[in-house]
$ cat query-v4.pdb   # PDB, C-alpha atoms
ATOM      1  CA  MET A   1      15.399  -3.361  12.287
ATOM      2  CA  PRO A   2      18.214  -1.574  10.367
ATOM      3  CA  ASN A   3      18.720   2.126  11.037
ATOM      4  CA  GLU A   4      18.658   4.542   8.098
ATOM      5  CA  PRO A   5      22.456   4.735   7.466
ATOM      6  CA  ALA A   6      22.703   0.939   7.511
ATOM      7  CA  ARG A   7      19.635   0.676   5.296
ATOM      8  CA  ASN A   8      21.220   3.046   2.777
ATOM      9  CA  ARG A   9      24.457   0.996   2.689
ATOM     10  CA  TRP A  10      22.492  -2.170   2.009
ATOM     11  CA  ARG A  11      20.492  -0.405  -0.721
ATOM     12  CA  VAL A  12      23.736   0.304  -2.590
ATOM     13  CA  VAL A  13      24.685  -3.393  -2.427
ATOM     14  CA  ALA A  14      21.131  -4.505  -3.272
ATOM     15  CA  ARG A  15      21.199  -2.589  -6.547
ATOM     16  CA  GLU A  16      23.995  -4.879  -7.743
ATOM     17  CA  LEU A  17      21.694  -7.939  -7.738
ATOM     18  CA  SER A  18      18.804  -8.513 -10.110
ATOM     19  CA  ASP A  19      15.287  -9.245  -8.875
ATOM     20  CA  ASN A  20      15.594 -12.886  -9.939
ATOM     21  CA  GLU A  21      18.951 -13.266  -8.191
ATOM     22  CA  LEU A  22      17.489 -11.953  -4.948
ATOM     23  CA  VAL A  23      14.417 -14.172  -5.217
ATOM     24  CA  LEU A  24      16.402 -17.315  -6.059
ATOM     25  CA  ALA A  25      18.802 -16.682  -3.180
ATOM     26  CA  MET A  26      15.874 -16.285  -0.784
ATOM     27  CA  GLN A  27      14.328 -19.510  -2.062
ATOM     28  CA  ARG A  28      17.635 -21.305  -1.479
ATOM     29  CA  GLY A  29      17.498 -20.147   2.120
ATOM     30  CA  ASP A  30      20.467 -17.798   1.798
ATOM     31  CA  SER A  31      19.904 -15.633   4.878
ATOM     32  CA  SER A  32      22.663 -13.225   3.830
ATOM     33  CA  VAL A  33      20.372 -11.669   1.196
ATOM     34  CA  ALA A  34      17.553 -10.913   3.642
ATOM     35  CA  ARG A  35      19.031  -7.498   4.376
ATOM     36  CA  LEU A  36      19.465  -6.862   0.661
ATOM     37  CA  LEU A  37      15.828  -7.729   0.034
ATOM     38  CA  TYR A  38      14.767  -5.410   2.860
ATOM     39  CA  ALA A  39      16.897  -2.579   1.483
ATOM     40  CA  ARG A  40      15.575  -3.106  -2.055
ATOM     41  CA  LEU A  41      11.903  -3.171  -1.087
ATOM     42  CA  TYR A  42      11.589  -0.893   1.940
ATOM     43  CA  PRO A  43      11.118   2.422   0.051
ATOM     44  CA  ALA A  44       8.418   0.977  -2.227
ATOM     45  CA  ILE A  45       6.577  -0.712   0.646
ATOM     46  CA  ASP A  46       6.742   2.333   2.919
ATOM     47  CA  SER A  47       5.545   4.619   0.115
ATOM     48  CA  ALA A  48       2.654   2.308  -0.820
ATOM     49  CA  LEU A  49       1.453   2.117   2.780
ATOM     50  CA  ARG A  50       1.593   5.888   3.220
ATOM     51  CA  ARG A  51      -0.246   6.521  -0.048
ATOM     52  CA  VAL A  52      -3.123   4.253   0.950
ATOM     53  CA  LEU A  53      -3.294   5.231   4.623
ATOM     54  CA  ARG A  54      -2.439   8.920   4.019
ATOM     55  CA  HIS A  55      -0.293   9.127   7.134
ATOM     56  CA  ARG A  56       2.737   7.569   8.748
ATOM     57  CA  GLY A  57       1.538   6.712  12.224
ATOM     58  CA  PHE A  58       2.945   4.714  15.066
ATOM     59  CA  ASP A  59       1.762   1.467  13.480
ATOM     60  CA  THR A  60       3.343   1.984  10.041
ATOM     61  CA  GLU A  61       6.534   0.089  10.880
ATOM     62  CA  ASP A  62       4.394  -2.824  12.093
ATOM     63  CA  LEU A  63       2.627  -2.818   8.733
ATOM     64  CA  VAL A  64       5.995  -2.703   6.950
ATOM     65  CA  GLN A  65       7.032  -5.813   8.864
ATOM     66  CA  THR A  66       3.704  -7.504   8.106
ATOM     67  CA  THR A  67       4.255  -6.758   4.419
ATOM     68  CA  PHE A  68       7.753  -8.223   4.482
ATOM     69  CA  GLU A  69       6.443 -11.357   6.153
ATOM     70  CA  ARG A  70       3.909 -11.770   3.332
ATOM     71  CA  VAL A  71       6.566 -11.027   0.710
ATOM     72  CA  ILE A  72       8.917 -13.670   2.124
ATOM     73  CA  ARG A  73       6.120 -16.265   2.364
ATOM     74  CA  ALA A  74       5.087 -15.511  -1.229
ATOM     75  CA  ILE A  75       8.685 -15.835  -2.460
ATOM     76  CA  ALA A  76       9.067 -19.133  -0.601
ATOM     77  CA  ALA A  77       5.861 -20.354  -2.288
ATOM     78  CA  ASP A  78       7.272 -19.252  -5.681
ATOM     79  CA  ARG A  79       4.479 -16.729  -6.264
ATOM     80  CA  PHE A  80       6.730 -14.039  -7.769
ATOM     81  CA  SER A  81       6.254 -14.464 -11.507
ATOM     82  CA  GLY A  82       8.811 -11.874 -12.586
ATOM     83  CA  LYS A  83       6.317 -10.215 -14.937
ATOM     84  CA  SER A  84       6.642  -6.974 -12.959
ATOM     85  CA  ALA A  85       9.500  -5.472 -10.977
ATOM     86  CA  LEU A  86      10.016  -6.888  -7.501
ATOM     87  CA  THR A  87       9.353  -3.441  -6.022
ATOM     88  CA  THR A  88       6.068  -3.147  -7.934
ATOM     89  CA  TRP A  89       4.991  -6.582  -6.743
ATOM     90  CA  ALA A  90       5.930  -5.803  -3.138
ATOM     91  CA  ALA A  91       4.088  -2.459  -3.288
ATOM     92  CA  ALA A  92       0.962  -4.329  -4.365
ATOM     93  CA  ILE A  93       1.295  -6.636  -1.362
ATOM     94  CA  ALA A  94       1.665  -3.524   0.810
ATOM     95  CA  GLY A  95      -1.592  -2.259  -0.684
ATOM     96  CA  HIS A  96      -3.291  -5.484   0.430
ATOM     97  CA  VAL A  97      -1.826  -5.062   3.924
ATOM     98  CA  ALA A  98      -3.062  -1.471   4.084
ATOM     99  CA  ILE A  99      -6.586  -2.463   3.042
ATOM    100  CA  ASP A 100      -6.608  -5.258   5.620
ATOM    101  CA  HIS A 101      -5.505  -2.708   8.212
ATOM    102  CA  LEU A 102      -8.367  -0.389   7.267
ATOM    103  CA  ARG A 103     -10.822  -3.260   7.513
ATOM    104  CA  ARG A 104      -9.563  -4.083  10.990
ATOM    105  CA  LEU A 105      -9.841  -0.453  12.061
ATOM    106  CA  GLN A 106     -13.355  -0.309  10.657
ATOM    107  CA  PHE A 107     -14.300  -3.466  12.527
ATOM    108  CA  GLU A 108     -12.855  -2.112  15.754
ATOM    109  CA  ARG A 109     -14.632   1.235  15.271
ATOM    110  CA  ARG A 110     -11.342   3.074  15.470
ATOM    111  CA  LEU A 111     -11.124   4.439  11.939
ATOM    112  CA  PHE A 112     -12.164   8.021  12.726
ATOM    113  CA  HIS A 113     -10.008  10.046  15.066
ATOM    114  CA  ASP A 114     -10.214  13.578  16.401
ATOM    115  CA  VAL A 115      -7.868  16.018  14.696
ATOM    116  CA  SER A 116      -6.207  18.666  16.798
ATOM    117  CA  PRO A 117      -5.081  22.068  15.403
ATOM    118  CA  ALA A 118      -1.472  20.924  15.802
ATOM    119  CA  GLU A 119      -2.100  18.112  13.306
ATOM    120  CA  ALA A 120      -3.503  20.400  10.605
ATOM    121  CA  PRO A 121      -1.155  20.648   7.603
ATOM    122  CA  ALA A 122       0.279  24.071   6.813
ATOM    123  CA  ARG A 123      -0.615  25.911   3.624
ATOM    124  CA  PRO A 124       2.177  27.147   1.350
ATOM    125  CA  SER A 125       1.759  30.611   2.855
ATOM    126  CA  GLY A 126       2.707  29.233   6.260
ATOM    127  CA  THR A 127      -0.841  29.470   7.659
ATOM    128  CA  TYR A 128      -3.555  26.875   7.724
ATOM    129  CA  SER A 129      -7.309  26.650   7.854
ATOM    130  CA  LEU A 130      -8.388  24.275  10.586
ATOM    131  CA  GLU A 131     -11.831  23.963   9.030
ATOM    132  CA  GLY A 132     -10.353  23.108   5.635
ATOM    133  CA  SER A 133      -7.973  20.624   7.198
ATOM    134  CA  LEU A 134     -10.789  18.898   9.057
ATOM    135  CA  VAL A 135     -12.869  18.647   5.900
ATOM    136  CA  ALA A 136      -9.944  17.191   3.928
ATOM    137  CA  ARG A 137      -9.095  14.704   6.670
ATOM    138  CA  SER A 138     -12.749  13.712   6.966
ATOM    139  CA  GLU A 139     -12.981  13.084   3.207
ATOM    140  CA  ILE A 140      -9.859  10.920   3.242
ATOM    141  CA  GLN A 141     -11.174   8.911   6.173
ATOM    142  CA  ARG A 142     -14.560   8.566   4.475
ATOM    143  CA  VAL A 143     -12.948   7.071   1.359
ATOM    144  CA  GLN A 144     -10.808   4.788   3.522
ATOM    145  CA  GLY A 145     -13.932   3.604   5.304
ATOM    146  CA  ILE A 146     -15.675   2.868   2.009
ATOM    147  CA  LEU A 147     -12.666   0.938   0.670
ATOM    148  CA  ALA A 148     -12.623  -1.103   3.872
ATOM    149  CA  ARG A 149     -16.209  -2.234   3.244
ATOM    150  CA  MET A 150     -15.878  -2.921  -0.478
ATOM    151  CA  SER A 151     -15.204  -6.269  -2.110
ATOM    152  CA  PRO A 152     -11.490  -6.942  -1.503
ATOM    153  CA  LEU A 153     -10.885  -7.685  -5.211
ATOM    154  CA  LEU A 154     -12.468  -4.425  -6.341
ATOM    155  CA  ALA A 155     -10.908  -2.352  -3.564
ATOM    156  CA  THR A 156      -7.450  -3.731  -4.315
ATOM    157  CA  THR A 157      -7.795  -2.949  -8.031
ATOM    158  CA  VAL A 158      -8.871   0.637  -7.306
ATOM    159  CA  VAL A 159      -6.007   1.121  -4.853
ATOM    160  CA  LEU A 160      -3.408  -0.347  -7.232
ATOM    161  CA  HIS A 161      -4.469   1.862 -10.157
ATOM    162  CA  ASP A 162      -5.946   5.031  -8.670
ATOM    163  CA  VAL A 163      -3.901   5.327  -5.468
ATOM    164  CA  LEU A 164      -0.576   3.632  -6.192
ATOM    165  CA  GLY A 165      -0.548   4.652  -9.859
ATOM    166  CA  HIS A 166       0.125   1.305 -11.523
ATOM    167  CA  THR A 167      -0.726   0.963 -15.209
ATOM    168  CA  MET A 168      -3.524  -1.385 -16.253
ATOM    169  CA  GLU A 169      -0.903  -3.797 -17.615
ATOM    170  CA  GLU A 170       0.842  -3.838 -14.223
ATOM    171  CA  VAL A 171      -2.440  -4.208 -12.335
ATOM    172  CA  ALA A 172      -3.443  -7.155 -14.521
ATOM    173  CA  SER A 173      -0.069  -8.832 -13.921
ATOM    174  CA  ILE A 174      -0.180  -8.228 -10.166
ATOM    175  CA  ILE A 175      -3.693  -9.575  -9.622
ATOM    176  CA  GLY A 176      -3.291 -12.383 -12.147
ATOM    177  CA  VAL A 177      -6.007 -11.573 -14.682
ATOM    178  CA  SER A 178      -6.134 -10.337 -18.265
ATOM    179  CA  GLU A 179      -5.896  -6.604 -18.894
ATOM    180  CA  PRO A 180      -9.559  -6.360 -20.051
ATOM    181  CA  ALA A 181     -10.629  -8.197 -16.877
ATOM    182  CA  ALA A 182      -8.552  -5.831 -14.747
ATOM    183  CA  ARG A 183     -10.072  -2.818 -16.522
ATOM    184  CA  SER A 184     -13.573  -4.219 -15.949
ATOM    185  CA  ARG A 185     -12.777  -4.773 -12.284
ATOM    186  CA  LEU A 186     -11.469  -1.200 -11.993
ATOM    187  CA  LEU A 187     -14.658   0.235 -13.507
ATOM    188  CA  ARG A 188     -16.810  -1.875 -11.185
ATOM    189  CA  GLY A 189     -14.727  -0.823  -8.224
ATOM    190  CA  ARG A 190     -15.026   2.858  -9.081
ATOM    191  CA  ARG A 191     -18.799   2.512  -9.527
ATOM    192  CA  GLU A 192     -19.099   0.778  -6.155
ATOM    193  CA  LEU A 193     -16.985   3.487  -4.527
ATOM    194  CA  VAL A 194     -19.213   6.227  -5.983
ATOM    195  CA  ARG A 195     -22.390   4.342  -5.090
ATOM    196  CA  ARG A 196     -21.336   3.806  -1.501
ATOM    197  CA  ALA A 197     -20.207   7.428  -1.189
ATOM    198  CA  ALA A 198     -23.557   8.682  -2.496
ATOM    199  CA  ALA A 199     -25.441   6.317  -0.151
ATOM    200  CA  ARG A 200     -23.545   7.671   2.847
ATOM    201  CA  LYS A 201     -24.360  11.261   1.888
ATOM    202  CA  THR A 202     -28.082  10.520   1.701
ATOM    203  CA  ALA A 203     -28.129   8.318   4.800
TER     204      ALA A 203
END

$ encode --input "query-v4.pdb" --output "structure tokens"
Amino acid sequence: MPNEPARNRWRVVARELSDNELVLAMQRGDSSVARLLYARLYPAIDSALRRVLRHRGFDTEDLVQTTFERVIRAIAADRFSGKSALTTWAAAIAGHVAIDHLRRLQFERRLFHDVSPAEAPARPSGTYSLEGSLVARSEIQRVQGILARMSPLLATTVVLHDVLGHTMEEVASIIGVSEPAARSRLLRGRRELVRRAAARKTA
């Protein structure tokens, strides 16, 4: 795995190649561009994982590697259409990886963890409220748990638009449907999220 200085050097070189040039070189089996692809996509993939999972834990690098494996397999299978930027496409794959990770955690009953005072985020004033931190962490974990149990298609659409911030046009391109279909899926996903959240509160 490249260290940060090496990664930064490769990022500078990677910017000199277009998305299509990188993809075509990978499809030709040109191993010399693998580092360029990694440098180009790492920031987007890392950011997408952290935005879905809300933390950067010990397993984040494993998820980054899992995402790159999926990206490379998808490129080899010619599944990059070029309708969106390569970074946008890779971030969407990272969103899928993050959701799969949440589902696995849910299945293994390891989604919810104790939070110690040392883990509580500081307020701007330099102090923190442990109670407030616990409530916020609990809410995040609750939403993660709900996403893990939702239909994968609906959960992915919600994550792409509401968590990762993609436009409806980008979401439609990424998931391979029309924009009206993507918007319909987003609305259904939001309704399911609200319904499941309300059901948990009354349970």

$ resolve_selection --input "query-v4.pdb" --expression "the PyMOL selection byres ((chain A and resi 62) around 12)" --output "list in words"
Met1, Ile45, Asp46, Leu49, Arg56, Gly57, Phe58, Asp59, Thr60, Glu61, Leu63, Val64, Gln65, Thr66, Thr67, Phe68, Glu69, Ala94, Val97, Ala98 and His101 of chain A

$ write_last_selection --input "query-v4.pdb" --atoms "C-alpha atoms" --output "compact mmCIF listing (two decimals), keeping the file's coordinate frame"
# COMPACT_ATOMS: atom_id res chain seq x y z
CA MET A 1 15.40 -3.36 12.29
CA ILE A 45 6.58 -0.71 0.65
CA ASP A 46 6.74 2.33 2.92
CA LEU A 49 1.45 2.12 2.78
CA ARG A 56 2.74 7.57 8.75
CA GLY A 57 1.54 6.71 12.22
CA PHE A 58 2.94 4.71 15.07
CA ASP A 59 1.76 1.47 13.48
CA THR A 60 3.34 1.98 10.04
CA GLU A 61 6.53 0.09 10.88
CA LEU A 63 2.63 -2.82 8.73
CA VAL A 64 6.00 -2.70 6.95
CA GLN A 65 7.03 -5.81 8.86
CA THR A 66 3.70 -7.50 8.11
CA THR A 67 4.26 -6.76 4.42
CA PHE A 68 7.75 -8.22 4.48
CA GLU A 69 6.44 -11.36 6.15
CA ALA A 94 1.66 -3.52 0.81
CA VAL A 97 -1.83 -5.06 3.92
CA ALA A 98 -3.06 -1.47 4.08
CA HIS A 101 -5.50 -2.71 8.21

$ atom_distance --input "query-v4.pdb" --atom1 "atom CA of Gly165 of chain A" --atom2 "atom CA of Ala92 of chain A"
10.6 Å

$ closest_residue --input "query-v4.pdb" --among "A:Arg104, A:His96, A:Asp30, A:Val23" --to "Ile75 of chain A" --atoms "all atoms listed in the file"
A:Val23

$ closest_residue --input "query-v4.pdb" --among "A:Leu17, A:Ser84, A:Arg183, A:Arg149" --to "Leu37 of chain A" --atoms "all atoms listed in the file"
A:Leu17

$ closest_residue --input "query-v4.pdb" --among "A:Ala198, A:Ala91, A:Leu154, A:Val171" --to "Ser47 of chain A" --atoms "only C-alpha atoms"
A:Ala91

$ atom_distance --input "query-v4.pdb" --atom1 "atom CA of Ile93 of chain A" --atom2 "atom CA of Ala25 of chain A"
20.3 Å

$ residues_around --input "query-v4.pdb" --residues "Leu186 of chain A" --least-positions-apart "2" --cutoff "7 Å" --atoms "only C-alpha atoms" --output "MDAnalysis selection string"
chainID A and resid 154 157:158 182:184 188:190

$ atom_distance --input "query-v4.pdb" --atom1 "atom CA of Glu169 of chain A" --atom2 "atom CA of Val52 of chain A"
20.4 Å

$ build_atoms --input "query-v4.pdb" --residues "segment 86-108 of chain A" --atoms "N, CA and C atoms" --output "PDB file, in the frame of the given file"
ATOM      1  N   LEU A  86      10.198  -6.401  -8.866  1.00  0.00           N
ATOM      2  CA  LEU A  86      10.016  -6.888  -7.501  1.00  0.00           C
ATOM      3  C   LEU A  86       9.446  -5.797  -6.606  1.00  0.00           C
ATOM      4  N   THR A  87       9.874  -4.556  -6.826  1.00  0.00           N
ATOM      5  CA  THR A  87       9.353  -3.441  -6.022  1.00  0.00           C
ATOM      6  C   THR A  87       7.874  -3.199  -6.305  1.00  0.00           C
ATOM      7  N   THR A  88       7.481  -3.326  -7.566  1.00  0.00           N
ATOM      8  CA  THR A  88       6.068  -3.147  -7.934  1.00  0.00           C
ATOM      9  C   THR A  88       5.214  -4.223  -7.284  1.00  0.00           C
ATOM     10  N   TRP A  89       5.691  -5.448  -7.349  1.00  0.00           N
ATOM     11  CA  TRP A  89       4.991  -6.582  -6.743  1.00  0.00           C
ATOM     12  C   TRP A  89       4.867  -6.410  -5.235  1.00  0.00           C
ATOM     13  N   ALA A  90       5.951  -5.997  -4.590  1.00  0.00           N
ATOM     14  CA  ALA A  90       5.930  -5.803  -3.138  1.00  0.00           C
ATOM     15  C   ALA A  90       5.011  -4.644  -2.747  1.00  0.00           C
ATOM     16  N   ALA A  91       4.979  -3.582  -3.565  1.00  0.00           N
ATOM     17  CA  ALA A  91       4.088  -2.459  -3.288  1.00  0.00           C
ATOM     18  C   ALA A  91       2.630  -2.899  -3.355  1.00  0.00           C
ATOM     19  N   ALA A  92       2.331  -3.812  -4.276  1.00  0.00           N
ATOM     20  CA  ALA A  92       0.962  -4.329  -4.365  1.00  0.00           C
ATOM     21  C   ALA A  92       0.606  -5.113  -3.110  1.00  0.00           C
ATOM     22  N   ILE A  93       1.544  -5.911  -2.605  1.00  0.00           N
ATOM     23  CA  ILE A  93       1.295  -6.636  -1.362  1.00  0.00           C
ATOM     24  C   ILE A  93       1.080  -5.650  -0.218  1.00  0.00           C
ATOM     25  N   ALA A  94       1.852  -4.565  -0.211  1.00  0.00           N
ATOM     26  CA  ALA A  94       1.665  -3.524   0.810  1.00  0.00           C
ATOM     27  C   ALA A  94       0.270  -2.916   0.720  1.00  0.00           C
ATOM     28  N   GLY A  95      -0.224  -2.767  -0.516  1.00  0.00           N
ATOM     29  CA  GLY A  95      -1.592  -2.259  -0.684  1.00  0.00           C
ATOM     30  C   GLY A  95      -2.604  -3.192  -0.047  1.00  0.00           C
ATOM     31  N   HIS A  96      -2.417  -4.496  -0.214  1.00  0.00           N
ATOM     32  CA  HIS A  96      -3.291  -5.484   0.430  1.00  0.00           C
ATOM     33  C   HIS A  96      -3.222  -5.346   1.950  1.00  0.00           C
ATOM     34  N   VAL A  97      -2.009  -5.202   2.471  1.00  0.00           N
ATOM     35  CA  VAL A  97      -1.826  -5.062   3.924  1.00  0.00           C
ATOM     36  C   VAL A  97      -2.532  -3.810   4.429  1.00  0.00           C
ATOM     37  N   ALA A  98      -2.417  -2.717   3.673  1.00  0.00           N
ATOM     38  CA  ALA A  98      -3.062  -1.471   4.084  1.00  0.00           C
ATOM     39  C   ALA A  98      -4.583  -1.610   4.101  1.00  0.00           C
ATOM     40  N   ILE A  99      -5.140  -2.267   3.092  1.00  0.00           N
ATOM     41  CA  ILE A  99      -6.586  -2.463   3.042  1.00  0.00           C
ATOM     42  C   ILE A  99      -7.038  -3.346   4.203  1.00  0.00           C
ATOM     43  N   ASP A 100      -6.276  -4.404   4.475  1.00  0.00           N
ATOM     44  CA  ASP A 100      -6.608  -5.258   5.620  1.00  0.00           C
ATOM     45  C   ASP A 100      -6.583  -4.458   6.913  1.00  0.00           C
ATOM     46  N   HIS A 101      -5.615  -3.560   7.015  1.00  0.00           N
ATOM     47  CA  HIS A 101      -5.505  -2.708   8.212  1.00  0.00           C
ATOM     48  C   HIS A 101      -6.737  -1.815   8.347  1.00  0.00           C
ATOM     49  N   LEU A 102      -7.171  -1.244   7.236  1.00  0.00           N
ATOM     50  CA  LEU A 102      -8.367  -0.389   7.267  1.00  0.00           C
ATOM     51  C   LEU A 102      -9.600  -1.195   7.663  1.00  0.00           C
ATOM     52  N   ARG A 103      -9.679  -2.408   7.159  1.00  0.00           N
ATOM     53  CA  ARG A 103     -10.822  -3.260   7.513  1.00  0.00           C
ATOM     54  C   ARG A 103     -10.819  -3.553   9.012  1.00  0.00           C
ATOM     55  N   ARG A 104      -9.639  -3.795   9.561  1.00  0.00           N
ATOM     56  CA  ARG A 104      -9.563  -4.083  10.990  1.00  0.00           C
ATOM     57  C   ARG A 104      -9.945  -2.854  11.808  1.00  0.00           C
ATOM     58  N   LEU A 105      -9.486  -1.691  11.362  1.00  0.00           N
ATOM     59  CA  LEU A 105      -9.841  -0.453  12.061  1.00  0.00           C
ATOM     60  C   LEU A 105     -11.343  -0.215  12.000  1.00  0.00           C
ATOM     61  N   GLN A 106     -11.915  -0.481  10.819  1.00  0.00           N
ATOM     62  CA  GLN A 106     -13.355  -0.309  10.657  1.00  0.00           C
ATOM     63  C   GLN A 106     -14.092  -1.243  11.600  1.00  0.00           C
ATOM     64  N   PHE A 107     -13.656  -2.486  11.661  1.00  0.00           N
ATOM     65  CA  PHE A 107     -14.300  -3.466  12.527  1.00  0.00           C
ATOM     66  C   PHE A 107     -14.192  -3.052  13.987  1.00  0.00           C
ATOM     67  N   GLU A 108     -13.067  -2.500  14.365  1.00  0.00           N
ATOM     68  CA  GLU A 108     -12.855  -2.112  15.754  1.00  0.00           C
ATOM     69  C   GLU A 108     -13.415  -0.730  16.071  1.00  0.00           C
TER      70      GLU A 108
END
